[in-house]
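This report refers to the structure that appears directly beneath it.
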Amino acid sequence: MPTGRFAPSPTGDLHVGNLRTALAAWLFARSSEAGFLLRFEDLDEATASVDSEARQAATLRRIGLDWDGEPIRQSERLDLYRDTIADLTKAGLTYRCWCSRREVREAAAAPHGRPGAYPGTCRDLPACRIADLEESGRPAAVRLRCSSTEVTVTDRLHGRRSAVVDDFVLQRGDGTPAYNLAVVIDDAAQGVEEVVRADDLLDSTPRQVHLQRLLGLPIPDYAHVPLVLAGDGGRLAKRHGAVTLADRLAMGDSPARVVAVLASSLGLDVPEHEIMPRSLVDRFDPSALTPEPWTLATKQIEAAW
Ligand code: GLU
């Protein structure tokens, strides 16, 4: 059975932008009678919490989304990620990197750098330099040697996009496996065939596809749905006001009202004032989705919908 998923980071309450992505992912899956999984991406110990997890799950249920089986947690799968890093290292495909974020940013901003891409500073360090760095006690991240491979990704909304993959991080300096590695391992292990998520991750996708190819894993279909922006042009966030489900309920909206607004923003024809996801399954048309962001004016955020 094809399978979709929603994979939030449990670092706070979901806002309507996250709920819209979850609804889209759920509709993609359930309208094709596919399975749907919930996965908590809680690798960042400093920000993730079990409390956020419970609240996120309750919010999703409250707006009528369901999933199959128990959600998994990435923090319980560290051995799996570390084993993969060890295999890649054995194959000579990784190296240690001592660069700080700031050093990477500065090098990437230099005249021949590519914004956001790792410039390769630690790729081929001489042994004496490595010995010095080891001695300095500075923590080392682990990067994948990508040899400037160009990867083309086909996305349902954004079409074909090619990018040169830089040597991205597989394990952070503090020893935590990186998102791009964990997501690829989990999507494959869980049999995810369709990844529907927010389009702020579109630029990470070529890295993930490169890793899937290296590891011999299947490549899922991708649909990156647009972010929700606030009237000020920024990505919708708590500071913009009534943006969580609890906020909307406190303003007098019902869960079904929130779903109706989110569904219309996804291009669905929703004449009803209130509706729950189950009743949308037959009306869902993935081709009605467009890659433009949905902008919520301050007035729309402040008034009941
Ligand atoms: N955990 C990521 C987030 O909350 C989503 C990752 C994904 O869907 O691949 O932004």
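Every chain in the structure tokens has a letter given in the order shown (A, B, ...), and although residue numbers restart at 1 in each chain, ligands are simply numbered from 1 in the order shown.
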### Query
How would you write, as a ChimeraX atom specification, the set of residues no farther than 6 Å from ligand 1 when counting only C-alpha atoms and all ligand atoms?
/A:7-9,41,183,197
### Query
Got a sec: who's within 8 Å of Ser75 (chain A), counting only C-alpha atoms, leaving out chain neighbours fewer than 3 positions off, as a VMD selection string?
chain A and resid 41 to 43 78
### Backbone DSSP call of alpha helix (DSSP H) for region 97-264 of chain A, listed as an MDAnalysis selection string
chainID A and resid 101:109 127:136 179:189 205:215 245:250 255:264
### strand (DSSP E) call set, DSSP backbone run, region 36-175 of chain A, as a VMD selection string
chain A and resid 36 to 40 72 to 73 94 to 97 141 to 144 150 to 155 159 to 164 169 to 171
### Task
Can you work out the spacing between CA of Ser52 (chain A) and CA of Lys299 (chain A) in Å, to one decimal?
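Separation of CA of Ser52 (chain A) and CA of Lys299 (chain A): 28.0 Å.
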Exercise: Arg145 (chain A) partners within 8 Å, only C-alpha atoms, chain neighbours under 2 positions left out, as a compact mmCIF listing (two decimals) with all heavy atoms, in the first residue's frame:
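Resulting contents of result32.txt:
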```txt
# COMPACT_ATOMS: atom_id res chain seq x y z
N LEU A 93 33.18 7.63 2.28
CA LEU A 93 32.31 8.69 1.74
C LEU A 93 32.06 9.84 2.72
O LEU A 93 31.21 10.70 2.47
CB LEU A 93 30.96 8.08 1.33
CG LEU A 93 31.03 7.24 0.05
CD1 LEU A 93 29.74 6.44 -0.14
CD2 LEU A 93 31.27 8.15 -1.15
N THR A 94 32.75 9.82 3.85
CA THR A 94 32.54 10.92 4.80
C THR A 94 33.88 11.53 5.21
O THR A 94 34.93 10.94 4.98
CB THR A 94 31.85 10.42 6.10
OG1 THR A 94 32.79 9.61 6.82
CG2 THR A 94 30.61 9.62 5.80
N TYR A 95 33.80 12.69 5.80
CA TYR A 95 34.99 13.26 6.45
C TYR A 95 34.55 14.14 7.61
O TYR A 95 33.38 14.55 7.68
CB TYR A 95 35.86 14.04 5.45
CG TYR A 95 35.18 15.23 4.79
CD1 TYR A 95 35.20 16.49 5.37
CD2 TYR A 95 34.54 15.08 3.56
CE1 TYR A 95 34.60 17.57 4.74
CE2 TYR A 95 33.94 16.15 2.94
CZ TYR A 95 33.97 17.40 3.52
OH TYR A 95 33.37 18.47 2.91
N ARG A 123 37.47 19.24 3.46
CA ARG A 123 37.32 18.03 2.64
C ARG A 123 38.62 17.23 2.52
O ARG A 123 38.62 16.02 2.67
CB ARG A 123 36.80 18.39 1.25
CG ARG A 123 36.44 17.17 0.43
CD ARG A 123 36.01 17.55 -0.98
NE ARG A 123 34.77 18.30 -0.98
CZ ARG A 123 34.57 19.40 -1.71
NH1 ARG A 123 35.53 19.87 -2.47
NH2 ARG A 123 33.41 20.02 -1.66
N ARG A 143 30.62 15.07 7.52
CA ARG A 143 29.99 15.46 6.24
C ARG A 143 30.08 14.34 5.22
O ARG A 143 31.01 13.53 5.25
CB ARG A 143 30.69 16.69 5.65
CG ARG A 143 30.36 17.96 6.41
CD ARG A 143 30.92 19.19 5.72
NE ARG A 143 30.63 20.35 6.52
CZ ARG A 143 29.54 21.11 6.41
NH1 ARG A 143 28.65 20.84 5.48
NH2 ARG A 143 29.35 22.12 7.22
N SER A 147 31.14 15.33 -4.00
CA SER A 147 31.80 15.58 -5.28
C SER A 147 30.96 16.41 -6.26
O SER A 147 30.88 16.10 -7.45
CB SER A 147 32.18 14.27 -5.98
OG SER A 147 32.61 13.32 -5.07
N ASP A 167 28.66 19.12 0.16
CA ASP A 167 29.01 18.11 1.17
C ASP A 167 28.21 18.42 2.45
O ASP A 167 28.67 19.18 3.31
CB ASP A 167 30.51 18.17 1.49
CG ASP A 167 31.36 17.69 0.33
OD1 ASP A 167 30.80 17.27 -0.70
OD2 ASP A 167 32.60 17.75 0.46
N PHE A 168 27.04 17.86 2.58
CA PHE A 168 26.19 18.25 3.71
C PHE A 168 26.49 17.41 4.96
O PHE A 168 27.14 16.37 4.90
CB PHE A 168 24.71 18.22 3.34
CG PHE A 168 24.21 16.88 2.85
CD1 PHE A 168 23.62 15.98 3.73
CD2 PHE A 168 24.32 16.53 1.52
CE1 PHE A 168 23.15 14.76 3.28
CE2 PHE A 168 23.87 15.30 1.06
CZ PHE A 168 23.29 14.41 1.95
```
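Taking only C-alpha atoms, the non-local environment of region 282-288 of chain A within 7 Å (same-chain residues fewer than 6 positions away omitted) comprises A:Leu27, A:Ser31, A:Gly267, A:Leu268.
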### Query
Looking at only C-alpha atoms, which of A:Glu194, A:Asp200, A:Asp13, A:Asp253 is the one that sits closest to Asp51 (chain A)?
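Smallest distance to Asp51 (chain A) is found for A:Asp13.
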### Task
Would you please work out which residue, of A:Ile301, A:Val153, A:Leu289, A:Ala25, is nearest to His240 (chain A) when using only C-alpha atoms?
A:Ile301
